[in-house]
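Below is one structure, written out as structure tokens; the observations come after it.
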Amino acid sequence: MARVLLIAYEGRDKETGEVFDRVEEEEPYPVILGEDSLLPGLAEALEEMGEGEEREIELPPEKAFGERKKELVVLIPLKEFKKRGITPVPGLVIEADGRKGRVVSVSGGRVQVDFNPELAGRTVVYKVKVLAELKEVKEVAEALFRRYFRTKLDSVDFKDGVLEVVYTPTSAKDIQLQKLLFVSTMLKAFPEIKEVRIVERYVRREEKESEEQ
């Protein structure tokens with residue numbers, strides 16, 4: 001099984017001191033080492049850390065968001081934006097060909113867009129703490145379910161190779177992708193899981209209100 005850690009962290013730009021990402025200890029983030037898309041330098045540090053350990057690490061661009069690439073700053077005809085009903089202004093974040101970019105300037109019928117990650121070329125500093133190492137199927141399932149779904153979890157059970165998760169949907173939003181991600185992640189992390197069942201629970205309103213009281 002892969003190592004699964006619950007972590008809290010704060011990431012900031014070394015030069016400006018600006019915090020660009022933060023996870024509080026009250027709502028820790030579960031990571032699966034070797035599986036999650038972590039920054040290379042952060043992944044290396046976590047591999048060496050144990051439960052309760054805290055570190056502050058400095059990551060150069062090559063171990064963080066990469067070096068800036070000139071070829072990722074492109075000019076796009078203004079008419080292409082107009083076709084899509086978009087008014088480009090500096091700072092606007094757009095998506096094109098599956099990539100996110102920021103509008104840098106608009107001039108002479110052309111729009112300059114930077115598809116580099118916002119922190120490309122920057123040295124960043126992370127203060128990270130390993131709050132716990134999860135080793136049981138049920139506790140990993142609970143943590144990852146909350147990570148993907150961010151909704152109420154009613155129960156988790158693991159018996160005879162079958163993992164069953166019961167939850168109460170809180171919105172009509174399509175969550176098929178989250179389900180697929182959760183299932184594939186659990187099956188990959190735990191070879192002992194043979195089947196995953198996700199059960200949606202719906203309660204009649206008056207019964208639900210009575211439960212909550």
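Chain labels A, B, ... are given in the sequence in which chains occur in the structure tokens; within each chain residues are numbered consecutively from 1, and ligands are likewise numbered from 1 in the order shown.
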Give me the stretch 101-136 of chain A side of the contact with stretch 62-68 of chain A, cut-off 8 Å, one line per residue showing its nearest atom pair and distance in Å at one decimal, counting only C-alpha atoms, sorted by chain and residue number, as a tab-separated table.
```
residue	atom	partner	partner_atom	distance
A:Asn116	CA	A:Arg68	CA	6.3
A:Pro117	CA	A:Phe65	CA	6.7
A:Leu119	CA	A:Phe65	CA	6.0
A:Ala120	CA	A:Phe65	CA	4.9
A:Gly121	CA	A:Glu67	CA	4.3
A:Arg122	CA	A:Phe65	CA	7.5
A:Thr123	CA	A:Ala64	CA	7.3
A:Val124	CA	A:Ala64	CA	7.1
```
Export N, CA and C atoms of the chosen residues as an mmCIF file, in the first residue's frame?
```
data_model
loop_
_atom_site.group_PDB
_atom_site.id
_atom_site.type_symbol
_atom_site.label_atom_id
_atom_site.label_comp_id
_atom_site.auth_asym_id
_atom_site.auth_seq_id
_atom_site.Cartn_x
_atom_site.Cartn_y
_atom_site.Cartn_z
ATOM 1 N N ASN A 116 2.236 30.148 -18.890
ATOM 2 C CA ASN A 116 3.092 29.633 -17.818
ATOM 3 C C ASN A 116 2.293 29.570 -16.517
ATOM 4 N N PRO A 117 2.599 28.612 -15.641
ATOM 5 C CA PRO A 117 2.000 28.653 -14.301
ATOM 6 C C PRO A 117 2.326 29.997 -13.649
ATOM 7 N N LEU A 119 3.316 30.884 -10.853
ATOM 8 C CA LEU A 119 4.532 30.924 -10.029
ATOM 9 C C LEU A 119 5.732 30.292 -10.723
ATOM 10 N N ALA A 120 5.650 30.106 -12.026
ATOM 11 C CA ALA A 120 6.798 29.577 -12.776
ATOM 12 C C ALA A 120 7.978 30.528 -12.637
ATOM 13 N N GLY A 121 9.158 29.955 -12.439
ATOM 14 C CA GLY A 121 10.362 30.772 -12.304
ATOM 15 C C GLY A 121 10.567 31.357 -10.919
ATOM 16 N N ARG A 122 9.672 31.050 -9.988
ATOM 17 C CA ARG A 122 9.779 31.622 -8.636
ATOM 18 C C ARG A 122 10.254 30.559 -7.645
ATOM 19 N N THR A 123 11.018 31.002 -6.645
ATOM 20 C CA THR A 123 11.368 30.148 -5.517
ATOM 21 C C THR A 123 10.265 30.271 -4.488
ATOM 22 N N VAL A 124 9.765 29.139 -4.013
ATOM 23 C CA VAL A 124 8.674 29.168 -3.039
ATOM 24 C C VAL A 124 9.115 28.486 -1.753
#
```
### Task
For A:Asp21, work out the shell of residues within 10 Å, counting only C-alpha atoms and skipping chain neighbours fewer than 3 positions away, then give it as a PyMOL selection string.
chain A and resi 9-13+18+126
### Query
DSSP on the backbone: what in stretch 37-183 of chain A comes out alpha helix (DSSP H), as a ChimeraX atom specification?
/A:40-48,78-83,137-149,176-183
Could those selected residues go to a file with C-alpha atoms, as a short mmCIF file (atom, residue, chain, number, x, y, z; two decimals), in the first residue's frame?
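Contents of again12.cif, as written:
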```
data_model
loop_
_atom_site.label_atom_id
_atom_site.label_comp_id
_atom_site.auth_asym_id
_atom_site.auth_seq_id
_atom_site.Cartn_x
_atom_site.Cartn_y
_atom_site.Cartn_z
CA PRO A 40 8.63 17.50 -6.82
CA GLY A 41 10.38 19.17 -3.89
CA LEU A 42 7.34 18.84 -1.63
CA ALA A 43 6.94 15.16 -2.51
CA GLU A 44 10.62 14.51 -1.72
CA ALA A 45 10.30 16.17 1.69
CA LEU A 46 7.13 14.27 2.61
CA GLU A 47 8.77 10.94 1.71
CA GLU A 48 11.30 11.61 4.49
CA LEU A 78 -8.55 39.65 -30.71
CA LYS A 79 -11.24 38.38 -33.09
CA GLU A 80 -10.88 34.88 -31.58
CA PHE A 81 -12.03 36.28 -28.24
CA LYS A 82 -14.88 38.21 -29.82
CA LYS A 83 -16.12 35.01 -31.47
CA VAL A 137 -8.75 1.27 4.71
CA LYS A 138 -11.65 2.93 6.54
CA GLU A 139 -9.72 5.99 7.70
CA VAL A 140 -8.20 6.53 4.26
CA ALA A 141 -11.65 6.17 2.67
CA GLU A 142 -13.11 8.76 5.05
CA ALA A 143 -10.32 11.26 4.37
CA LEU A 144 -10.35 10.83 0.60
CA PHE A 145 -14.13 10.93 0.40
CA ARG A 146 -14.17 14.33 2.11
CA ARG A 147 -11.38 15.49 -0.19
CA TYR A 148 -13.28 14.60 -3.36
CA PHE A 149 -16.89 15.18 -2.32
CA GLN A 176 -19.77 11.20 -11.44
CA LEU A 177 -16.17 12.37 -11.93
CA GLN A 178 -15.60 12.57 -8.18
CA LYS A 179 -16.97 9.05 -7.78
CA LEU A 180 -14.66 7.69 -10.45
CA LEU A 181 -11.64 9.44 -8.92
CA PHE A 182 -12.47 8.15 -5.45
CA VAL A 183 -13.00 4.57 -6.61
#
```
### Query
Hey, what's within 6 Å of A:Pro90 if we count only C-alpha atoms and toss same-chain stuff fewer than 2 positions away? As a list in words, please?
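The residues satisfying every condition are Leu92, Val103, Val104 and Ser105 of chain A.
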Store the residues picked out above, limited to C-alpha atoms, as a CSV table (one decimal), in the first residue's frame.
```csv
chain,number,residue,atom,x,y,z
A,92,LEU,CA,-8.2,37.8,-17.1
A,103,VAL,CA,-4.1,37.9,-20.4
A,104,VAL,CA,-1.0,40.1,-20.3
A,105,SER,CA,-1.9,42.9,-22.7
```
### Message
Let me make sure I understand: among A:Val111, A:Val74, A:Val4, A:Val196, which one has the smallest atom-to-atom distance to A:Glu35 if we use only C-alpha atoms?
### Response
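Once distances to A:Glu35 are computed over only C-alpha atoms, the minimum belongs to A:Val4.
Among the candidates A:Ile7, A:Met49, A:Leu38, A:Ile32, the one nearest to A:Met186 when counting only C-alpha atoms is A:Ile32.
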### Task
Report the distance between atom CA of A:Ala2 and atom CA of A:Arg197 in Å, rounded to one decimal place.
21.3 Å
Check which residues of stretch 56-162 of chain A sit at most 9 Å from stretch 189-194 of chain A using only C-alpha atoms, and return one row each with the closest pair of atoms and their distance in Å to one decimal, ordered by chain and rising number, as JSON lines.
```
{"residue": "A:Val137", "atom": "CA", "partner": "A:Phe190", "partner_atom": "CA", "distance": 7.4}
{"residue": "A:Phe158", "atom": "CA", "partner": "A:Ile193", "partner_atom": "CA", "distance": 8.4}
{"residue": "A:Asp160", "atom": "CA", "partner": "A:Lys194", "partner_atom": "CA", "distance": 8.4}
{"residue": "A:Gly161", "atom": "CA", "partner": "A:Ile193", "partner_atom": "CA", "distance": 4.7}
{"residue": "A:Val162", "atom": "CA", "partner": "A:Lys194", "partner_atom": "CA", "distance": 5.9}
```
### Task
Would you kindly return, as a PyMOL selection string, each protein, DNA or RNA residue with an atom no farther than 7 Å from any atom of A:Val130, considering only C-alpha atoms and excluding same-chain residues fewer than 2 positions away?
chain A and resi 5-8+50-54+128+132
Kindly export the residues of the current selection with C-alpha atoms, as a CSV table (one decimal), in the first residue's frame.
```
chain,number,residue,atom,x,y,z
A,5,LEU,CA,-0.5,11.3,5.0
A,6,LEU,CA,-2.8,13.9,6.4
A,7,ILE,CA,-1.0,17.2,6.1
A,8,ALA,CA,-1.4,20.9,6.8
A,50,GLY,CA,7.0,11.0,9.8
A,51,GLU,CA,3.9,11.6,11.8
A,52,GLY,CA,4.0,14.8,13.9
A,53,GLU,CA,7.0,16.2,12.0
A,54,GLU,CA,7.0,19.8,10.8
A,128,VAL,CA,4.4,21.7,6.1
A,132,ALA,CA,-1.1,11.7,10.8
```
### Task
Please report, as an NGL selection string, each residue of stretch 58-182 of chain A to which DSSP assigns strand (DSSP E) when run on this structure's backbone.
:A and (58-59 or 73-77 or 93-96 or 99-107 or 110-114 or 124-134 or 153-159 or 162-167)
### Task
Would you list the contacts of A:Lys152 as a ChimeraX atom specification, taking every protein, DNA or RNA residue within 9 Å and counting only C-alpha atoms, but skipping same-chain residues closer than 2 positions in sequence?
/A:146,149-150,154,167-170
File dump, residues just selected, C-alpha atoms, as an mmCIF file, in the first residue's frame:
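What ended up in out_4.cif:
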```cif
data_model
loop_
_atom_site.group_PDB
_atom_site.id
_atom_site.type_symbol
_atom_site.label_atom_id
_atom_site.label_comp_id
_atom_site.auth_asym_id
_atom_site.auth_seq_id
_atom_site.Cartn_x
_atom_site.Cartn_y
_atom_site.Cartn_z
ATOM 1 C CA ARG A 146 -14.174 14.325 2.106
ATOM 2 C CA PHE A 149 -16.893 15.182 -2.321
ATOM 3 C CA ARG A 150 -16.869 17.795 0.463
ATOM 4 C CA ASP A 154 -22.773 8.810 6.918
ATOM 5 C CA TYR A 167 -23.446 9.411 2.145
ATOM 6 C CA THR A 168 -26.253 11.948 1.950
ATOM 7 C CA PRO A 169 -26.070 14.122 -1.204
ATOM 8 C CA THR A 170 -26.350 17.830 -0.470
#
```
